[in-house]
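Peer 1: Contents of target29.txt (compact mmCIF, C-alpha atoms):
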# COMPACT_ATOMS: atom_id res chain seq x y z
CA MET A 20 0.00 0.00 0.00
CA SER A 21 1.16 3.52 -0.77
CA ASP A 22 1.62 6.31 1.75
CA ALA A 23 -1.56 8.00 0.50
CA ILE A 24 -3.92 9.11 3.25
CA PRO A 25 -6.85 6.67 3.41
CA LYS A 26 -10.43 7.89 3.45
CA VAL A 27 -11.97 8.00 6.92
CA ASN A 28 -14.24 5.09 7.88
CA LYS A 29 -13.47 3.21 4.65
CA ASP A 30 -11.66 -0.06 3.95
CA HIS A 31 -11.57 -0.30 0.18
CA GLU A 32 -8.87 -2.98 0.20
CA HIS A 33 -10.77 -5.24 2.65
CA ILE A 34 -7.93 -5.26 5.15
CA ILE A 35 -10.10 -5.77 8.23
CA GLU A 36 -11.74 -8.96 7.00
CA ASN A 37 -8.34 -10.69 7.08
CA ILE A 38 -7.35 -9.51 10.58
CA GLN A 39 -7.37 -12.24 13.23
CA CYS A 40 -6.07 -10.24 16.20
CA PHE A 41 -6.60 -6.59 17.09
CA ALA A 42 -3.89 -5.09 19.33
CA LEU A 43 -5.63 -2.17 20.98
CA ASP A 44 -4.06 0.83 22.60
CA MET A 45 -6.09 1.83 25.65
CA ASP A 46 -6.40 5.49 26.67
CA GLY A 47 -7.73 7.49 23.72
CA THR A 48 -8.61 4.34 21.80
CA VAL A 49 -11.16 2.41 23.89
CA TYR A 50 -11.53 4.74 26.86
CA LEU A 51 -10.68 8.21 28.13
CA GLY A 52 -9.75 8.12 31.80
CA GLU A 53 -12.51 6.01 33.36
CA GLN A 54 -15.05 6.57 30.56
CA TRP A 55 -15.57 4.21 27.64
CA ILE A 56 -15.42 5.77 24.21
CA ASP A 57 -18.88 5.46 22.70
CA GLY A 58 -19.30 2.04 21.09
CA ALA A 59 -15.99 0.62 22.33
CA ARG A 60 -17.56 -2.21 24.35
CA ASP A 61 -19.78 -3.11 21.39
CA PHE A 62 -16.63 -3.20 19.26
CA LEU A 63 -14.95 -5.64 21.68
CA ALA A 64 -18.04 -7.85 21.71
CA LYS A 65 -18.23 -7.84 17.90
CA ILE A 66 -14.59 -8.92 17.59
CA GLU A 67 -15.33 -11.99 19.69
CA GLU A 68 -18.64 -12.69 17.94
CA SER A 69 -16.76 -12.75 14.64
CA GLY A 70 -14.39 -15.44 15.95
CA ARG A 71 -11.35 -13.19 16.27
CA SER A 72 -9.36 -12.01 19.25
CA TYR A 73 -8.13 -8.80 20.81
CA VAL A 74 -5.48 -7.78 23.32
CA PHE A 75 -4.76 -4.46 24.99
CA LEU A 76 -1.24 -3.22 24.22
CA THR A 77 0.06 -0.32 26.31
CA ASN A 78 3.36 1.48 26.75
CA ASN A 79 2.42 2.53 30.28
CA SER A 80 4.83 0.69 32.60
CA SER A 81 3.56 2.34 35.77
CA LYS A 82 0.81 -0.29 36.00
CA ASN A 83 1.00 -4.06 35.80
CA ALA A 84 -1.49 -6.37 34.10
CA ALA A 85 -3.46 -6.91 37.33
CA ALA A 86 -3.98 -3.15 37.70
CA TYR A 87 -5.45 -2.93 34.20
CA VAL A 88 -7.69 -5.94 34.82
CA GLU A 89 -8.95 -4.22 37.97
CA LYS A 90 -9.56 -0.93 36.13
CA LEU A 91 -11.49 -2.63 33.33
CA HIS A 92 -13.53 -4.54 35.93
CA ARG A 93 -14.46 -1.24 37.59
CA MET A 94 -15.60 -0.06 34.18
CA GLY A 95 -17.76 -3.16 33.69
CA GLN A 96 -15.50 -5.17 31.36
CA ASP A 97 -14.06 -8.42 32.73
CA VAL A 98 -10.90 -9.64 31.00
CA ASP A 99 -8.11 -11.91 32.17
CA GLU A 100 -4.47 -10.89 32.43
CA GLU A 101 -3.59 -12.70 29.21
CA ARG A 102 -5.37 -9.91 27.34
CA ILE A 103 -3.06 -7.25 28.79
CA ILE A 104 0.36 -6.68 27.21
CA THR A 105 2.55 -3.92 28.66
CA SER A 106 5.97 -2.52 27.86
CA GLY A 107 7.02 -3.71 31.31
CA GLN A 108 6.23 -7.31 30.37
CA ALA A 109 8.03 -6.95 27.05
CA THR A 110 11.07 -5.57 28.89
CA ILE A 111 11.08 -8.56 31.26
CA SER A 112 11.04 -10.86 28.22
CA TYR A 113 13.93 -8.93 26.63
CA LEU A 114 15.99 -9.14 29.84
CA LYS A 115 15.45 -12.88 30.12
CA GLN A 116 16.58 -13.39 26.53
CA ASN A 117 19.53 -11.02 26.51
CA PHE A 118 20.65 -10.58 30.13
CA PRO A 119 19.75 -13.89 31.80
CA GLY A 120 20.61 -13.97 35.50
CA LYS A 121 21.89 -10.39 35.51
CA LYS A 122 21.12 -7.99 38.36
CA VAL A 123 18.89 -5.07 37.39
CA TYR A 124 18.54 -1.57 38.79
CA LEU A 125 14.91 -0.77 38.05
CA LEU A 126 13.72 2.82 38.10
CA GLY A 127 10.05 1.96 38.50
CA ASN A 128 7.21 1.97 40.98
CA SER A 129 6.16 -0.83 43.32
CA LEU A 130 3.70 -2.42 40.86
CA LEU A 131 6.42 -2.86 38.24
CA GLN A 132 8.97 -4.00 40.82
CA ALA A 133 6.55 -6.71 41.93
CA GLU A 134 6.06 -7.80 38.31
CA PHE A 135 9.83 -8.05 37.80
CA GLU A 136 10.27 -10.02 41.02
CA GLN A 137 7.41 -12.36 40.12
CA ALA A 138 9.21 -13.04 36.83
CA GLU A 139 12.37 -13.85 38.84
CA ILE A 140 14.34 -10.83 37.62
CA LEU A 141 17.03 -10.04 40.21
CA LEU A 142 16.65 -6.46 41.42
CA ASP A 143 19.70 -4.77 42.94
CA ASP A 144 20.03 -1.08 43.80
CA LYS A 145 23.69 -1.27 44.88
CA HIS A 146 25.68 -3.39 42.41
CA PRO A 147 23.52 -3.95 39.31
CA ASP A 148 24.65 -5.23 35.92
CA VAL A 149 21.91 -3.50 33.92
CA VAL A 150 19.80 -0.33 34.29
CA VAL A 151 16.10 -0.29 33.32
CA THR A 152 14.11 2.95 33.35
CA ALA A 153 10.31 2.93 33.42
CA PHE A 154 7.46 5.36 34.06
CA ASP A 155 8.18 5.76 37.76
CA THR A 156 5.30 7.54 39.49
CA SER A 157 7.17 7.21 42.80
CA LEU A 158 10.22 9.07 41.53
CA THR A 159 12.51 10.74 44.07
CA TYR A 160 15.66 12.83 43.80
CA GLU A 161 17.58 10.03 45.52
CA LYS A 162 16.48 7.61 42.80
CA MET A 163 17.51 10.04 40.08
CA CYS A 164 20.96 10.46 41.59
CA LYS A 165 21.37 6.69 41.75
CA VAL A 166 20.25 5.98 38.20
CA CYS A 167 22.50 8.75 36.85
CA ASP A 168 25.47 7.23 38.70
CA PHE A 169 24.84 3.82 37.16
CA VAL A 170 24.30 5.23 33.65
CA ARG A 171 27.38 7.43 33.99
CA ALA A 172 29.39 4.34 34.95
CA GLY A 173 28.56 2.80 31.57
CA LEU A 174 26.14 0.02 32.53
CA PRO A 175 23.82 -1.28 29.79
CA TYR A 176 20.85 1.08 29.82
CA LEU A 177 17.36 -0.06 28.75
CA ALA A 178 14.00 1.68 28.81
CA THR A 179 10.50 0.27 28.82
CA HIS A 180 9.14 2.88 26.36
CA PRO A 181 9.86 6.33 24.88
CA ASP A 182 6.80 8.47 25.72
CA TYR A 183 7.58 11.98 26.96
CA ASN A 184 4.14 12.57 28.45
CA CYS A 185 1.30 10.47 29.78
CA PRO A 186 -2.26 11.67 29.11
CA THR A 187 -4.60 12.09 32.07
CA GLU A 188 -8.12 13.42 32.46
CA ASN A 189 -6.57 16.77 33.48
CA GLY A 190 -3.91 17.09 30.77
CA PHE A 191 -0.42 15.58 30.62
CA ILE A 192 2.10 14.43 33.22
CA PRO A 193 5.83 13.74 32.57
CA ASP A 194 6.48 10.17 31.42
CA VAL A 195 9.68 8.18 31.06
CA GLY A 196 10.95 10.19 28.07
CA ALA A 197 11.15 13.24 30.34
CA ILE A 198 13.13 11.14 32.83
CA HIS A 199 15.51 10.18 30.00
CA ALA A 200 16.06 13.87 29.26
CA PHE A 201 16.99 14.45 32.92
CA ILE A 202 19.41 11.50 32.88
CA HIS A 203 20.97 12.68 29.61
CA ALA A 204 21.50 16.17 31.02
CA SER A 205 23.46 14.67 33.92
CA ALA A 206 25.01 11.46 32.57
CA PHE A 207 25.17 12.33 28.82
CA ARG A 208 23.51 9.11 27.65
CA TYR A 209 20.16 8.16 26.25
CA PRO A 210 18.96 4.54 26.57
CA ASP A 211 20.87 1.96 24.54
CA ARG A 212 17.59 0.24 23.69
CA ILE A 213 13.93 1.14 24.08
CA ILE A 214 11.50 -1.78 24.17
CA GLY A 215 7.95 -0.35 23.84
CA LYS A 216 5.98 1.00 20.89
CA PRO A 217 6.98 1.92 18.23
CA TYR A 218 10.01 -0.36 18.49
CA GLY A 219 10.29 -3.91 17.24
CA ASP A 220 10.88 -5.72 20.55
CA MET A 221 7.38 -4.86 21.74
CA MET A 222 5.78 -6.06 18.51
CA GLU A 223 7.80 -9.29 18.47
CA TYR A 224 6.66 -9.90 22.05
CA LEU A 225 3.06 -9.20 20.99
CA THR A 226 3.09 -11.82 18.24
CA ARG A 227 4.79 -14.39 20.48
CA ARG A 228 2.11 -13.86 23.11
CA THR A 229 -0.84 -14.05 20.70
CA GLY A 230 0.51 -16.67 18.31
CA VAL A 231 -0.98 -14.67 15.42
CA LYS A 232 1.14 -13.74 12.40
CA LYS A 233 2.04 -10.10 11.92
CA GLU A 234 0.21 -9.92 8.60
CA GLN A 235 -2.98 -11.01 10.39
CA THR A 236 -2.56 -8.51 13.25
CA ALA A 237 -3.71 -4.89 13.37
CA MET A 238 -2.32 -2.27 15.72
CA VAL A 239 -5.19 0.09 16.58
CA GLY A 240 -4.41 3.36 18.34
CA ASP A 241 -4.71 7.12 18.53
CA ARG A 242 -1.03 8.10 18.32
CA LEU A 243 0.84 8.33 15.02
CA TYR A 244 4.36 8.21 16.46
CA THR A 245 3.81 5.17 18.70
CA ASP A 246 0.79 3.10 17.66
CA ILE A 247 0.79 3.73 13.93
CA ALA A 248 4.58 3.67 13.62
CA ALA A 249 4.62 0.40 15.60
CA GLY A 250 2.37 -1.25 13.05
CA ARG A 251 3.80 0.30 9.90
CA ASN A 252 7.46 -0.24 10.77
CA ASN A 253 7.14 -3.83 11.99
CA GLY A 254 5.02 -5.61 9.41
CA LEU A 255 1.58 -5.24 11.05
CA TRP A 256 -1.46 -3.37 9.79
CA SER A 257 -1.98 0.03 11.41
CA ILE A 258 -5.38 1.57 12.11
CA LEU A 259 -5.64 5.14 13.40
CA VAL A 260 -8.66 6.23 15.44
CA LEU A 261 -9.44 9.93 15.83
CA SER A 262 -10.93 9.55 19.32
CA GLY A 263 -7.78 10.50 21.21
CA GLU A 264 -4.63 12.51 20.62
CA THR A 265 -4.45 12.69 16.83
CA ALA A 266 -6.58 14.89 14.58
CA LEU A 267 -7.07 14.14 10.89
CA SER A 268 -5.17 17.34 10.10
CA ASP A 269 -2.06 15.82 11.76
CA VAL A 270 -1.84 12.93 9.29
CA PRO A 271 -0.45 14.65 6.15
CA ALA A 272 2.73 15.79 7.97
CA ALA A 273 3.31 12.48 9.75
CA GLU A 274 6.41 10.45 8.85
CA VAL A 275 4.33 7.27 8.81
CA LYS A 276 0.78 7.03 7.54
CA PRO A 277 -1.86 4.59 8.81
CA HIS A 278 -3.25 1.91 6.55
CA LEU A 279 -6.78 2.81 7.70
CA ILE A 280 -8.42 5.71 9.59
CA PHE A 281 -11.65 5.63 11.58
CA ASP A 282 -13.37 8.25 13.67
CA SER A 283 -13.50 5.69 16.49
CA VAL A 284 -13.50 1.93 17.01
CA ARG A 285 -17.31 2.08 16.88
CA ASP A 286 -17.05 2.89 13.16
CA MET A 287 -15.14 -0.35 12.54
CA ILE A 288 -17.99 -2.54 13.77
CA PRO A 289 -19.82 -2.85 10.39
CA LEU A 290 -16.61 -4.16 8.79
CA LEU A 291 -15.99 -6.97 11.30
If you took the structure in this file and wrote it as structure tokens, what would it be?
Peer 2:
Amino acid sequence: MSDAIPKVNKDHEHIIENIQCFALDMDGTVYLGEQWIDGARDFLAKIEESGRSYVFLTNNSSKNAAAYVEKLHRMGQDVDEERIITSGQATISYLKQNFPGKKVYLLGNSLLQAEFEQAEILLDDKHPDVVVTAFDTSLTYEKMCKVCDFVRAGLPYLATHPDYNCPTENGFIPDVGAIHAFIHASAFRYPDRIIGKPYGDMMEYLTRRTGVKKEQTAMVGDRLYTDIAAGRNNGLWSILVLSGETALSDVPAAEVKPHLIFDSVRDMIPLL
């Protein structure tokens, strides 16, 4: 397919009928804060009725899968943890493959620390072999001094995802990309490798988890530079929804263009 901008709410090439798994971004795609986007739950039900599957794929490493399951339950949608795929989980998988048995300094909150420990990743804040930075909502100056010391010393330096800001119901709050800018200002390094969207490690982890081929998987999201780039650059289909961050007027200037554009996931229902 060319880089032409697709018509909104159209699928002239019948892409959707061949999709077996929908990887869904969360905030801005299926809900905003604690409110479902109109028609999103009907969309999820229709996917299952049509014999296909969906997973939620998020860069937010400040929450673990259990926290998302709990949030969705509060909102009336019961899913199991297998449906939740986070950049934290993908980072754990990357560490196990590439740094087996190594001690990790994790800049992350207690939920992520528990997830790492449950996966038998060795956490060490004194003599680590590897540094991992995440969206740490419990950040302190002491932690920042420590992580800068380890990065300055030349340890391998990984990050769960690249986002500079995290959307909230009241605007934006600094995310891990802002933390990386702080570390770079002090230790003069950016991460050696970033795992989450739009990078390939996250998408490889996605397809291993689902068992569905990339060409039968669609990445659905509201951000061009993470969700759409993740699909386009890694062999998946990419579907932009205009229910969150991105406006249609943003698309012409984007480096990567979506394969399909819909006003919201609700408008995909007739094509399932």
Peer 1: Taking 6 positions as the minimum chain separation for residues in the same chain, which residues sit within 12 Å of A:Met221 when counting only C-alpha atoms? Answer as a JSON list (two decimals) with C-alpha atoms, keeping the file's coordinate frame.
Peer 2:
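Full text of part_31.json as output:
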[["chain", "number", "residue", "atom", "x", "y", "z"],
["A", 42, "ALA", "CA", -3.89, -5.09, 19.33],
["A", 76, "LEU", "CA", -1.24, -3.22, 24.22],
["A", 77, "THR", "CA", 0.06, -0.32, 26.31],
["A", 78, "ASN", "CA", 3.36, 1.48, 26.75],
["A", 104, "ILE", "CA", 0.36, -6.68, 27.21],
["A", 105, "THR", "CA", 2.55, -3.92, 28.66],
["A", 106, "SER", "CA", 5.97, -2.52, 27.86],
["A", 107, "GLY", "CA", 7.02, -3.71, 31.31],
["A", 108, "GLN", "CA", 6.23, -7.31, 30.37],
["A", 109, "ALA", "CA", 8.03, -6.95, 27.05],
["A", 110, "THR", "CA", 11.07, -5.57, 28.89],
["A", 111, "ILE", "CA", 11.08, -8.56, 31.26],
["A", 112, "SER", "CA", 11.04, -10.86, 28.22],
["A", 113, "TYR", "CA", 13.93, -8.93, 26.63],
["A", 178, "ALA", "CA", 14.00, 1.68, 28.81],
["A", 179, "THR", "CA", 10.50, 0.27, 28.82],
["A", 180, "HIS", "CA", 9.14, 2.88, 26.36],
["A", 181, "PRO", "CA", 9.86, 6.33, 24.88],
["A", 212, "ARG", "CA", 17.59, 0.24, 23.69],
["A", 213, "ILE", "CA", 13.93, 1.14, 24.08],
["A", 214, "ILE", "CA", 11.50, -1.78, 24.17],
["A", 215, "GLY", "CA", 7.95, -0.35, 23.84],
["A", 227, "ARG", "CA", 4.79, -14.39, 20.48],
["A", 228, "ARG", "CA", 2.11, -13.86, 23.11],
["A", 238, "MET", "CA", -2.32, -2.27, 15.72],
["A", 245, "THR", "CA", 3.81, 5.17, 18.70],
["A", 246, "ASP", "CA", 0.79, 3.10, 17.66],
["A", 249, "ALA", "CA", 4.62, 0.40, 15.60],
["A", 250, "GLY", "CA", 2.37, -1.25, 13.05],
["A", 252, "ASN", "CA", 7.46, -0.24, 10.77],
["A", 253, "ASN", "CA", 7.14, -3.83, 11.99]]
Peer 1: From the list A:Gly47, A:Leu114, A:Ser80, A:Leu125, which residue is nearest A:Lys216 when using all atoms listed in the file?
Peer 2: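 Selected residue with least distance to A:Lys216: A:Ser80.
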Peer 1: So how many Å separate atom CA of A:Gly70 and atom CA of A:Ile280, to one decimal?
Peer 2: 22.9 Å
Peer 1: With a distance cut-off of 12 Å and only C-alpha atoms, select the neighbouring residues of A:Leu290, excluding the residue or stretch itself and same-chain residues fewer than 5 positions from it, and output the selection as a short mmCIF file (atom, residue, chain, number, x, y, z; two decimals) with C-alpha atoms, in the frame of the given file.
Peer 2:
data_model
loop_
_atom_site.label_atom_id
_atom_site.label_comp_id
_atom_site.auth_asym_id
_atom_site.auth_seq_id
_atom_site.Cartn_x
_atom_site.Cartn_y
_atom_site.Cartn_z
CA ASN A 28 -14.24 5.09 7.88
CA LYS A 29 -13.47 3.21 4.65
CA ASP A 30 -11.66 -0.06 3.95
CA HIS A 31 -11.57 -0.30 0.18
CA GLU A 32 -8.87 -2.98 0.20
CA HIS A 33 -10.77 -5.24 2.65
CA ILE A 34 -7.93 -5.26 5.15
CA ILE A 35 -10.10 -5.77 8.23
CA GLU A 36 -11.74 -8.96 7.00
CA ASN A 37 -8.34 -10.69 7.08
CA ILE A 38 -7.35 -9.51 10.58
CA PHE A 62 -16.63 -3.20 19.26
CA LYS A 65 -18.23 -7.84 17.90
CA ILE A 66 -14.59 -8.92 17.59
CA SER A 69 -16.76 -12.75 14.64
CA PHE A 281 -11.65 5.63 11.58
CA VAL A 284 -13.50 1.93 17.01
CA ARG A 285 -17.31 2.08 16.88
#
Peer 1: Rounded to one decimal, what separation in Å do you get between atom CA of A:Leu279 and atom CA of A:Glu264?
Peer 2: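 These atoms are spaced 16.3 Å apart.
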Peer 1: Go through A:Ser129, A:Gln39, A:Asn189, A:Thr226 one by one, measure the shortest atom-to-atom distance of each to A:Ala86 using only C-alpha atoms, and give the residue with the smallest value.
Peer 2: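 Residue with the minimum atom-to-atom distance to A:Ala86: A:Ser129.
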Peer 1: Sorted by chain and rising residue number, list the residues of stretch 32-124 of chain A at most 8 Å from stretch 148-151 of chain A (counting only C-alpha atoms), each with its closest atom pair and distance in Å to one decimal, as CSV.
Peer 2:
residue,atom,partner,partner_atom,distance
A:Lys121,CA,A:Asp148,CA,5.9
A:Lys122,CA,A:Asp148,CA,5.1
A:Val123,CA,A:Val149,CA,4.9
A:Tyr124,CA,A:Val150,CA,4.8
Peer 1: So what do you get for atom CA of A:Lys232 versus atom CA of A:Asn83, distance-wise?
Peer 2: 25.3 Å
Peer 1: Between A:Ala200, A:Ala266, A:Met45, A:Ala206, which is the closest to A:Tyr183 once you count all atoms listed in the file?
Peer 2: A:Ala200
Peer 1: Pick out the residues sitting within 9 Å of A:Tyr50, and hand them over as a list in words; count all atoms listed in the file, and ignore anything fewer than 5 positions along from it in its own chain.
Peer 2: Met45, Trp55, Ile56, Asp57, Ala59, Ser262 and Gly263 of chain A
Peer 1: Tell me, as a VMD selection string, which residues lie within 6 Å of A:Gly240, counting all atoms listed in the file; anything in the same chain fewer than 4 positions away does not count.
Peer 2: chain A and resid 44 48 246 259 to 260
Peer 1: With 6 Å on each side, where is the centre of the axis-aligned box around all listed atoms of stretch 205-223 of chain A, and how long are its edges in Å to one decimal, as lines of an AutoDock Vina configuration file?
Peer 2:
center_x = 15.5
center_y = 2.7
center_z = 25.6
size_x = 31.4
size_y = 36.0
size_z = 28.7
Peer 1: List every protein, DNA or RNA residue that has an atom no more than 12 Å from (24.2, 3.5, 36.4) in the file's coordinate frame, counting only C-alpha atoms, and report them as a PDB file with C-alpha atoms, in the frame of the given file.
Peer 2:
ATOM      1  CA  VAL A 123      18.890  -5.070  37.390  1.00  0.00           C
ATOM      2  CA  TYR A 124      18.540  -1.570  38.790  1.00  0.00           C
ATOM      3  CA  LEU A 125      14.910  -0.770  38.050  1.00  0.00           C
ATOM      4  CA  LEU A 126      13.720   2.820  38.100  1.00  0.00           C
ATOM      5  CA  ASP A 143      19.700  -4.770  42.940  1.00  0.00           C
ATOM      6  CA  ASP A 144      20.030  -1.080  43.800  1.00  0.00           C
ATOM      7  CA  LYS A 145      23.690  -1.270  44.880  1.00  0.00           C
ATOM      8  CA  HIS A 146      25.680  -3.390  42.410  1.00  0.00           C
ATOM      9  CA  PRO A 147      23.520  -3.950  39.310  1.00  0.00           C
ATOM     10  CA  ASP A 148      24.650  -5.230  35.920  1.00  0.00           C
ATOM     11  CA  VAL A 149      21.910  -3.500  33.920  1.00  0.00           C
ATOM     12  CA  VAL A 150      19.800  -0.330  34.290  1.00  0.00           C
ATOM     13  CA  VAL A 151      16.100  -0.290  33.320  1.00  0.00           C
ATOM     14  CA  THR A 152      14.110   2.950  33.350  1.00  0.00           C
ATOM     15  CA  LYS A 162      16.480   7.610  42.800  1.00  0.00           C
ATOM     16  CA  MET A 163      17.510  10.040  40.080  1.00  0.00           C
ATOM     17  CA  CYS A 164      20.960  10.460  41.590  1.00  0.00           C
ATOM     18  CA  LYS A 165      21.370   6.690  41.750  1.00  0.00           C
ATOM     19  CA  VAL A 166      20.250   5.980  38.200  1.00  0.00           C
ATOM     20  CA  CYS A 167      22.500   8.750  36.850  1.00  0.00           C
ATOM     21  CA  ASP A 168      25.470   7.230  38.700  1.00  0.00           C
ATOM     22  CA  PHE A 169      24.840   3.820  37.160  1.00  0.00           C
ATOM     23  CA  VAL A 170      24.300   5.230  33.650  1.00  0.00           C
ATOM     24  CA  ARG A 171      27.380   7.430  33.990  1.00  0.00           C
ATOM     25  CA  ALA A 172      29.390   4.340  34.950  1.00  0.00           C
ATOM     26  CA  GLY A 173      28.560   2.800  31.570  1.00  0.00           C
ATOM     27  CA  LEU A 174      26.140   0.020  32.530  1.00  0.00           C
ATOM     28  CA  PRO A 175      23.820  -1.280  29.790  1.00  0.00           C
ATOM     29  CA  TYR A 176      20.850   1.080  29.820  1.00  0.00           C
ATOM     30  CA  LEU A 177      17.360  -0.060  28.750  1.00  0.00           C
ATOM     31  CA  ILE A 202      19.410  11.500  32.880  1.00  0.00           C
ATOM     32  CA  HIS A 203      20.970  12.680  29.610  1.00  0.00           C
ATOM     33  CA  SER A 205      23.460  14.670  33.920  1.00  0.00           C
ATOM     34  CA  ALA A 206      25.010  11.460  32.570  1.00  0.00           C
ATOM     35  CA  PHE A 207      25.170  12.330  28.820  1.00  0.00           C
ATOM     36  CA  ARG A 208      23.510   9.110  27.650  1.00  0.00           C
ATOM     37  CA  TYR A 209      20.160   8.160  26.250  1.00  0.00           C
ATOM     38  CA  PRO A 210      18.960   4.540  26.570  1.00  0.00           C
TER      39      PRO A 210
END
